[in-house]
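What follows is run-v4.pdb (PDB, C-alpha atoms).
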```
ATOM      1  CA  MET A   1       9.885  31.493  10.853  1.00  0.00           C
ATOM      2  CA  LYS A   2      12.772  29.057  10.600  1.00  0.00           C
ATOM      3  CA  THR A   3      13.253  26.245  13.086  1.00  0.00           C
ATOM      4  CA  ASP A   4      16.539  25.012  14.484  1.00  0.00           C
ATOM      5  CA  VAL A   5      18.576  22.944  12.049  1.00  0.00           C
ATOM      6  CA  ILE A   6      18.801  19.276  13.039  1.00  0.00           C
ATOM      7  CA  THR A   7      21.588  17.024  11.771  1.00  0.00           C
ATOM      8  CA  VAL A   8      20.195  13.668  10.650  1.00  0.00           C
ATOM      9  CA  SER A   9      22.071  10.682   9.261  1.00  0.00           C
ATOM     10  CA  SER A  10      21.333   7.822   6.905  1.00  0.00           C
ATOM     11  CA  LYS A  11      21.895   5.525   9.907  1.00  0.00           C
ATOM     12  CA  GLY A  12      18.806   6.978  11.600  1.00  0.00           C
ATOM     13  CA  SER A  13      20.449   9.371  14.052  1.00  0.00           C
ATOM     14  CA  GLN A  14      18.274  12.298  15.195  1.00  0.00           C
ATOM     15  CA  MET A  15      15.340  11.382  12.971  1.00  0.00           C
ATOM     16  CA  GLU A  16      13.067  11.185  16.010  1.00  0.00           C
ATOM     17  CA  ALA A  17      14.272  14.676  16.933  1.00  0.00           C
ATOM     18  CA  ALA A  18      13.270  15.871  13.450  1.00  0.00           C
ATOM     19  CA  LEU A  19       9.770  14.414  13.899  1.00  0.00           C
ATOM     20  CA  ALA A  20       9.529  15.938  17.378  1.00  0.00           C
ATOM     21  CA  GLN A  21      10.423  19.312  15.879  1.00  0.00           C
ATOM     22  CA  VAL A  22       7.596  18.921  13.365  1.00  0.00           C
ATOM     23  CA  ASP A  23       5.131  18.197  16.179  1.00  0.00           C
ATOM     24  CA  LYS A  24       6.427  21.194  18.132  1.00  0.00           C
ATOM     25  CA  THR A  25       6.086  23.445  15.080  1.00  0.00           C
ATOM     26  CA  ALA A  26       2.532  22.238  14.457  1.00  0.00           C
ATOM     27  CA  ALA A  27       1.585  22.925  18.074  1.00  0.00           C
ATOM     28  CA  TYR A  28       3.230  26.364  18.061  1.00  0.00           C
ATOM     29  CA  LYS A  29       1.441  27.302  14.829  1.00  0.00           C
ATOM     30  CA  GLY A  30      -1.889  25.940  16.025  1.00  0.00           C
ATOM     31  CA  LEU A  31      -2.039  23.216  13.379  1.00  0.00           C
ATOM     32  CA  THR A  32      -4.350  20.370  14.333  1.00  0.00           C
ATOM     33  CA  GLY A  33      -6.024  17.350  12.766  1.00  0.00           C
ATOM     34  CA  LYS A  34      -5.273  16.764   9.097  1.00  0.00           C
ATOM     35  CA  SER A  35      -2.909  19.749   8.806  1.00  0.00           C
ATOM     36  CA  ALA A  36      -0.627  18.498  11.592  1.00  0.00           C
ATOM     37  CA  LEU A  37      -0.850  14.955  10.223  1.00  0.00           C
ATOM     38  CA  HIS A  38       0.139  16.045   6.707  1.00  0.00           C
ATOM     39  CA  LEU A  39       3.198  17.902   8.009  1.00  0.00           C
ATOM     40  CA  ARG A  40       4.320  14.859  10.005  1.00  0.00           C
ATOM     41  CA  LEU A  41       3.582  12.447   7.153  1.00  0.00           C
ATOM     42  CA  LEU A  42       5.699  14.435   4.702  1.00  0.00           C
ATOM     43  CA  THR A  43       8.546  14.548   7.226  1.00  0.00           C
ATOM     44  CA  GLU A  44       8.316  10.792   7.792  1.00  0.00           C
ATOM     45  CA  GLU A  45       8.588  10.225   4.031  1.00  0.00           C
ATOM     46  CA  MET A  46      11.595  12.542   3.877  1.00  0.00           C
ATOM     47  CA  MET A  47      13.291  10.751   6.784  1.00  0.00           C
ATOM     48  CA  GLY A  48      12.513   7.386   5.171  1.00  0.00           C
ATOM     49  CA  MET A  49      14.275   8.553   2.046  1.00  0.00           C
ATOM     50  CA  MET A  50      17.243   9.700   4.136  1.00  0.00           C
ATOM     51  CA  ARG A  51      17.514   6.235   5.727  1.00  0.00           C
ATOM     52  CA  SER A  52      17.769   4.583   2.323  1.00  0.00           C
ATOM     53  CA  ILE A  53      20.627   6.721   0.984  1.00  0.00           C
ATOM     54  CA  THR A  54      23.582   4.560  -0.023  1.00  0.00           C
ATOM     55  CA  GLY A  55      26.533   4.846   2.356  1.00  0.00           C
ATOM     56  CA  GLU A  56      26.843   6.749   5.605  1.00  0.00           C
ATOM     57  CA  THR A  57      25.693  10.306   4.991  1.00  0.00           C
ATOM     58  CA  LYS A  58      24.637  13.208   7.181  1.00  0.00           C
ATOM     59  CA  GLY A  59      22.140  15.883   6.280  1.00  0.00           C
ATOM     60  CA  SER A  60      20.511  18.998   7.688  1.00  0.00           C
ATOM     61  CA  PHE A  61      16.765  19.200   8.284  1.00  0.00           C
ATOM     62  CA  TRP A  62      14.723  22.282   9.103  1.00  0.00           C
ATOM     63  CA  ILE A  63      11.287  23.841   8.591  1.00  0.00           C
ATOM     64  CA  GLU A  64      10.408  27.307   7.313  1.00  0.00           C
ATOM     65  CA  ASP A  65       6.988  28.881   6.950  1.00  0.00           C
ATOM     66  CA  ALA A  66       5.525  32.070   5.560  1.00  0.00           C
ATOM     67  CA  ASP A  67       1.908  32.981   4.802  1.00  0.00           C
ATOM     68  CA  GLY A  68       0.704  29.490   5.674  1.00  0.00           C
ATOM     69  CA  VAL A  69       3.119  27.732   3.299  1.00  0.00           C
ATOM     70  CA  TYR A  70       5.384  25.270   5.105  1.00  0.00           C
ATOM     71  CA  GLN A  71       8.715  24.208   3.643  1.00  0.00           C
ATOM     72  CA  LEU A  72      10.463  21.044   4.797  1.00  0.00           C
ATOM     73  CA  HIS A  73      14.159  21.199   3.901  1.00  0.00           C
ATOM     74  CA  LEU A  74      16.678  18.357   3.667  1.00  0.00           C
ATOM     75  CA  GLN A  75      20.203  19.290   2.598  1.00  0.00           C
ATOM     76  CA  VAL A  76      22.989  16.766   2.059  1.00  0.00           C
ATOM     77  CA  VAL A  77      26.610  17.266   1.025  1.00  0.00           C
ATOM     78  CA  THR A  78      27.327  14.236  -1.157  1.00  0.00           C
ATOM     79  CA  ARG A  79      30.402  12.207  -0.330  1.00  0.00           C
ATOM     80  CA  MET A  80      29.822   9.334  -2.715  1.00  0.00           C
ATOM     81  CA  ASP A  81      31.633   8.889  -5.985  1.00  0.00           C
ATOM     82  CA  SER A  82      30.821   6.342  -8.682  1.00  0.00           C
ATOM     83  CA  GLY A  83      33.479   3.911  -7.483  1.00  0.00           C
ATOM     84  CA  LYS A  84      32.329   3.895  -3.859  1.00  0.00           C
ATOM     85  CA  ARG A  85      28.671   3.674  -4.868  1.00  0.00           C
ATOM     86  CA  ASP A  86      29.308   0.719  -7.204  1.00  0.00           C
ATOM     87  CA  GLN A  87      31.356  -1.023  -4.510  1.00  0.00           C
ATOM     88  CA  LEU A  88      28.516  -0.695  -2.001  1.00  0.00           C
ATOM     89  CA  LEU A  89      25.862  -1.832  -4.472  1.00  0.00           C
ATOM     90  CA  SER A  90      27.927  -4.833  -5.578  1.00  0.00           C
ATOM     91  CA  ALA A  91      27.508  -6.196  -2.057  1.00  0.00           C
ATOM     92  CA  SER A  92      23.799  -6.745  -2.748  1.00  0.00           C
ATOM     93  CA  SER A  93      22.710  -9.977  -4.426  1.00  0.00           C
ATOM     94  CA  SER A  94      21.433  -8.173  -7.522  1.00  0.00           C
ATOM     95  CA  GLY A  95      24.035  -5.430  -7.661  1.00  0.00           C
ATOM     96  CA  LYS A  96      21.207  -2.900  -7.767  1.00  0.00           C
ATOM     97  CA  ASN A  97      19.717  -0.517  -5.254  1.00  0.00           C
ATOM     98  CA  GLU A  98      16.374  -2.259  -4.898  1.00  0.00           C
ATOM     99  CA  SER A  99      14.748   0.462  -2.812  1.00  0.00           C
ATOM    100  CA  ALA A 100      14.945   3.070  -5.589  1.00  0.00           C
ATOM    101  CA  LYS A 101      11.241   2.756  -6.372  1.00  0.00           C
ATOM    102  CA  GLY A 102       8.419   5.234  -6.006  1.00  0.00           C
ATOM    103  CA  LEU A 103       8.792   8.993  -6.052  1.00  0.00           C
ATOM    104  CA  MET A 104      10.846   9.225  -2.845  1.00  0.00           C
ATOM    105  CA  GLY A 105      13.092   6.380  -3.948  1.00  0.00           C
ATOM    106  CA  ARG A 106      13.789   8.137  -7.226  1.00  0.00           C
ATOM    107  CA  LEU A 107      14.405  11.418  -5.446  1.00  0.00           C
ATOM    108  CA  ARG A 108      16.777   9.600  -3.131  1.00  0.00           C
ATOM    109  CA  ASP A 109      18.828   8.709  -6.199  1.00  0.00           C
ATOM    110  CA  PHE A 110      19.550  12.423  -6.675  1.00  0.00           C
ATOM    111  CA  PHE A 111      21.068  12.521  -3.190  1.00  0.00           C
ATOM    112  CA  ASP A 112      22.829   9.203  -3.761  1.00  0.00           C
ATOM    113  CA  ARG A 113      24.454  10.338  -6.976  1.00  0.00           C
ATOM    114  CA  GLY A 114      24.628  14.044  -6.253  1.00  0.00           C
ATOM    115  CA  ALA A 115      26.779  15.940  -8.698  1.00  0.00           C
ATOM    116  CA  ASP A 116      28.964  12.910  -9.366  1.00  0.00           C
ATOM    117  CA  GLU A 117      27.455  12.214 -12.771  1.00  0.00           C
ATOM    118  CA  ASP A 118      26.203  14.124 -15.763  1.00  0.00           C
ATOM    119  CA  ILE A 119      22.528  14.661 -14.888  1.00  0.00           C
ATOM    120  CA  SER A 120      21.582  14.589 -18.573  1.00  0.00           C
ATOM    121  CA  SER A 121      22.565  10.911 -18.736  1.00  0.00           C
ATOM    122  CA  PHE A 122      20.622   9.955 -15.592  1.00  0.00           C
ATOM    123  CA  THR A 123      18.215   7.138 -16.539  1.00  0.00           C
ATOM    124  CA  SER A 124      15.641   7.601 -13.756  1.00  0.00           C
ATOM    125  CA  PRO A 125      12.014   8.012 -14.946  1.00  0.00           C
ATOM    126  CA  LEU A 126      12.161  11.329 -13.087  1.00  0.00           C
ATOM    127  CA  LEU A 127      14.437  12.496 -15.873  1.00  0.00           C
ATOM    128  CA  LEU A 128      12.775  11.487 -19.080  1.00  0.00           C
ATOM    129  CA  PRO A 129      14.219  13.679 -21.846  1.00  0.00           C
ATOM    130  CA  GLY A 130      13.259  17.301 -21.310  1.00  0.00           C
ATOM    131  CA  MET A 131      12.352  16.829 -17.642  1.00  0.00           C
ATOM    132  CA  TYR A 132      15.493  18.244 -16.121  1.00  0.00           C
ATOM    133  CA  GLU A 133      16.722  21.786 -16.198  1.00  0.00           C
ATOM    134  CA  TYR A 134      20.140  23.325 -15.915  1.00  0.00           C
ATOM    135  CA  SER A 135      19.846  26.501 -13.919  1.00  0.00           C
ATOM    136  CA  THR A 136      20.972  29.923 -15.044  1.00  0.00           C
ATOM    137  CA  THR A 137      21.067  31.076 -11.412  1.00  0.00           C
ATOM    138  CA  PRO A 138      24.646  31.669 -10.208  1.00  0.00           C
ATOM    139  CA  THR A 139      25.899  28.791  -7.987  1.00  0.00           C
ATOM    140  CA  LEU A 140      22.805  26.674  -8.786  1.00  0.00           C
ATOM    141  CA  ASP A 141      23.762  23.871 -11.173  1.00  0.00           C
ATOM    142  CA  TRP A 142      20.494  22.044 -11.664  1.00  0.00           C
ATOM    143  CA  GLU A 143      16.911  21.985 -10.388  1.00  0.00           C
ATOM    144  CA  TRP A 144      13.815  19.784 -10.636  1.00  0.00           C
ATOM    145  CA  SER A 145      10.192  20.496  -9.672  1.00  0.00           C
ATOM    146  CA  MET A 146       7.459  17.922  -9.078  1.00  0.00           C
ATOM    147  CA  MET A 147       4.811  20.310 -10.472  1.00  0.00           C
ATOM    148  CA  GLU A 148       6.729  20.770 -13.716  1.00  0.00           C
ATOM    149  CA  TYR A 149       7.389  17.024 -13.844  1.00  0.00           C
ATOM    150  CA  GLU A 150       3.651  16.286 -13.473  1.00  0.00           C
ATOM    151  CA  ASP A 151       2.830  18.744 -16.258  1.00  0.00           C
ATOM    152  CA  ALA A 152       5.430  17.215 -18.586  1.00  0.00           C
ATOM    153  CA  LEU A 153       4.293  13.663 -17.759  1.00  0.00           C
ATOM    154  CA  SER A 154       0.638  14.526 -18.349  1.00  0.00           C
ATOM    155  CA  HIS A 155       1.479  15.896 -21.799  1.00  0.00           C
ATOM    156  CA  ARG A 156       3.474  12.775 -22.706  1.00  0.00           C
ATOM    157  CA  VAL A 157       0.802  10.400 -21.402  1.00  0.00           C
ATOM    158  CA  LYS A 158      -1.657  12.060 -23.799  1.00  0.00           C
ATOM    159  CA  GLN A 159       0.819  11.254 -26.588  1.00  0.00           C
ATOM    160  CA  ASN A 160       0.783   7.564 -25.547  1.00  0.00           C
ATOM    161  CA  ASP A 161       4.404   7.612 -24.342  1.00  0.00           C
ATOM    162  CA  SER A 162       4.783   4.219 -22.597  1.00  0.00           C
ATOM    163  CA  ALA A 163       7.647   5.343 -20.339  1.00  0.00           C
ATOM    164  CA  ALA A 164       5.613   8.374 -19.266  1.00  0.00           C
ATOM    165  CA  LYS A 165       2.594   6.158 -18.506  1.00  0.00           C
ATOM    166  CA  GLU A 166       4.719   3.964 -16.256  1.00  0.00           C
ATOM    167  CA  ALA A 167       6.153   7.014 -14.496  1.00  0.00           C
ATOM    168  CA  TRP A 168       2.643   8.493 -14.112  1.00  0.00           C
ATOM    169  CA  ASP A 169       1.352   5.294 -12.488  1.00  0.00           C
ATOM    170  CA  GLU A 170       4.285   5.404 -10.086  1.00  0.00           C
ATOM    171  CA  LEU A 171       3.617   9.051  -9.298  1.00  0.00           C
ATOM    172  CA  GLU A 172      -0.050   8.396  -8.545  1.00  0.00           C
ATOM    173  CA  LYS A 173       0.954   5.837  -5.907  1.00  0.00           C
ATOM    174  CA  SER A 174       3.214   8.313  -4.109  1.00  0.00           C
ATOM    175  CA  VAL A 175       2.098   9.600  -0.714  1.00  0.00           C
ATOM    176  CA  VAL A 176       4.208  12.714  -1.207  1.00  0.00           C
ATOM    177  CA  ALA A 177       2.722  13.475  -4.625  1.00  0.00           C
ATOM    178  CA  LYS A 178      -0.777  13.233  -3.134  1.00  0.00           C
ATOM    179  CA  VAL A 179      -0.085  15.367  -0.060  1.00  0.00           C
ATOM    180  CA  ALA A 180       2.583  17.918  -1.060  1.00  0.00           C
ATOM    181  CA  ASP A 181       1.884  20.986  -3.192  1.00  0.00           C
ATOM    182  CA  ASP A 182       5.335  20.794  -4.736  1.00  0.00           C
ATOM    183  CA  VAL A 183       8.730  19.171  -4.256  1.00  0.00           C
ATOM    184  CA  LYS A 184      11.891  20.820  -5.527  1.00  0.00           C
ATOM    185  CA  VAL A 185      15.392  19.395  -5.762  1.00  0.00           C
ATOM    186  CA  ALA A 186      18.382  21.658  -6.338  1.00  0.00           C
ATOM    187  CA  ILE A 187      22.042  20.758  -6.834  1.00  0.00           C
ATOM    188  CA  ARG A 188      24.734  23.293  -6.018  1.00  0.00           C
ATOM    189  CA  GLY A 189      28.151  21.753  -6.497  1.00  0.00           C
ATOM    190  CA  ARG A 190      28.174  18.689  -4.208  1.00  0.00           C
ATOM    191  CA  THR A 191      25.242  19.941  -2.128  1.00  0.00           C
ATOM    192  CA  VAL A 192      21.824  18.463  -2.878  1.00  0.00           C
ATOM    193  CA  GLU A 193      18.757  20.055  -1.279  1.00  0.00           C
ATOM    194  CA  MET A 194      15.162  18.880  -1.379  1.00  0.00           C
ATOM    195  CA  THR A 195      12.314  21.143  -0.315  1.00  0.00           C
ATOM    196  CA  ILE A 196       8.736  19.935   0.169  1.00  0.00           C
ATOM    197  CA  PHE A 197       6.068  22.663   0.014  1.00  0.00           C
ATOM    198  CA  LYS A 198       2.672  22.395   1.687  1.00  0.00           C
ATOM    199  CA  LYS A 199       0.098  25.140   2.281  1.00  0.00           C
ATOM    200  CA  LEU A 200      -1.762  24.560   5.533  1.00  0.00           C
ATOM    201  CA  ALA A 201      -4.626  26.463   7.159  1.00  0.00           C
TER     202      ALA A 201
END
```
Turn the structure described in the file into structure tokens.
Amino acid sequence: MKTDVITVSSKGSQMEAALAQVDKTAAYKGLTGKSALHLRLLTEEMMGMMRSITGETKGSFWIEDADGVYQLHLQVVTRMDSGKRDQLLSASSSGKNESAKGLMGRLRDFFDRGADEDISSFTSPLLLPGMYEYSTTPTLDWEWSMMEYEDALSHRVKQNDSAAKEAWDELEKSVVAKVADDVKVAIRGRTVEMTIFKKLA
């Protein structure tokens, strides 16, 4: 099943409609209690990330499910370039995007930057060396998986990598990391798509 696609914006437009769609999906699928709460919580985190994207941006939100696995999709066509992004950030007192903390804040950076920069030079802790992957799939430029990231971080923490330890601590505080089964981010040209996976009874 795939729900209707709802257009949401970084200014908050239609985000309540997205949450209402989640509640409707949960009711239709007979999800109650913790299962319904988890689906809504993950959507709220996703919408919170959308609100914090630099500049005025619109995205598409929808839900898919198969065999009890629910997928929350957020797709954004990036319109920012480095010049516009720097101009917006220079308006802040520090010249930095202060909200880029936590897992969702770091993921938001992917949407913020999109395909505007060379991903291999991206300094986010989400992309410690070896933690990004260029795709061999036609039309798919780059992809990232939270499960693979956790595995790579765990290995580096055991090797006493200080940057990995800091990133691991940040990950452990993330609501999404605790609730979701996986999060994937894919970049296709100027389109960035995040998918949150959650298996529910």
Applied to this file, what does the PyMOL selection byres ((chain A and resi 76) around 8) return in terms of residues, put as a list in words? Thr57, Lys58, Gly59, Ser60, Leu74, Gln75, Val77, Thr78, Phe111, Thr191, Val192 and Glu193 of chain A
For Tyr28 of chain A, the nearest of the candidates A:Gly105, A:Thr3, A:Ser9, A:Ser52, counting all atoms listed in the file: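 Under the stated criterion, the closest residue is A:Thr3.
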Around all the atoms of segment 13-29 of chain A listed in the file, with 5 Å of room on each side, what axis-aligned box do you get, giving centre and edge lengths in Å to one decimal, as lines of an AutoDock Vina configuration file?
```
center_x = 10.9
center_y = 18.3
center_z = 15.6
size_x = 29.0
size_y = 27.9
size_z = 15.2
```
To one decimal in Å, tell me the separation between atom CA of Val183 of chain A and atom CA of Trp144 of chain A.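 Taking atom CA of Val183 of chain A as the start and atom CA of Trp144 of chain A as the end point, the length is 8.2 Å.
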Can you pull out the residues contacting Met1 of chain A? Cut-off 7 Å, using only C-alpha atoms, and skip same-chain residues under 5 positions away; I want them as a PyMOL selection string. chain A and resi 64-66
Within 9 Å of (1.9, 22.4, 9.0) (file coordinates; all atoms listed in the file), which protein or nucleic acid residues are there? I'd like them as a ChimeraX atom specification. /A:22-23,25-26,29-32,35-40,65,68-71,198-201
Could you tell me how far atom CA of Ala164 of chain A sits from atom CA of Ala177 of chain A, in Å to one decimal place? 15.8 Å
Using only C-alpha atoms, the residue out of A:Glu148, A:Phe110, A:Val176, A:Ala186 with shortest distance to Glu45 of chain A is A:Val176
Of A:Gly102, A:Leu72, A:Lys2, A:Ala18, the one sitting nearest Phe197 of chain A when using only C-alpha atoms is A:Leu72
Got a sec: who's within 9 Å of Ser154 of chain A, counting all atoms listed in the file, leaving out chain neighbours fewer than 4 positions off, as a ChimeraX atom specification? /A:149-150,158-159,164-165,168
Figure out the distance between atom CA of Ile187 of chain A and atom CA of Asp169 of chain A, please, to one decimal in Å.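 Taking atom CA of Asp169 of chain A and atom CA of Ile187 of chain A, their separation equals 26.4 Å.
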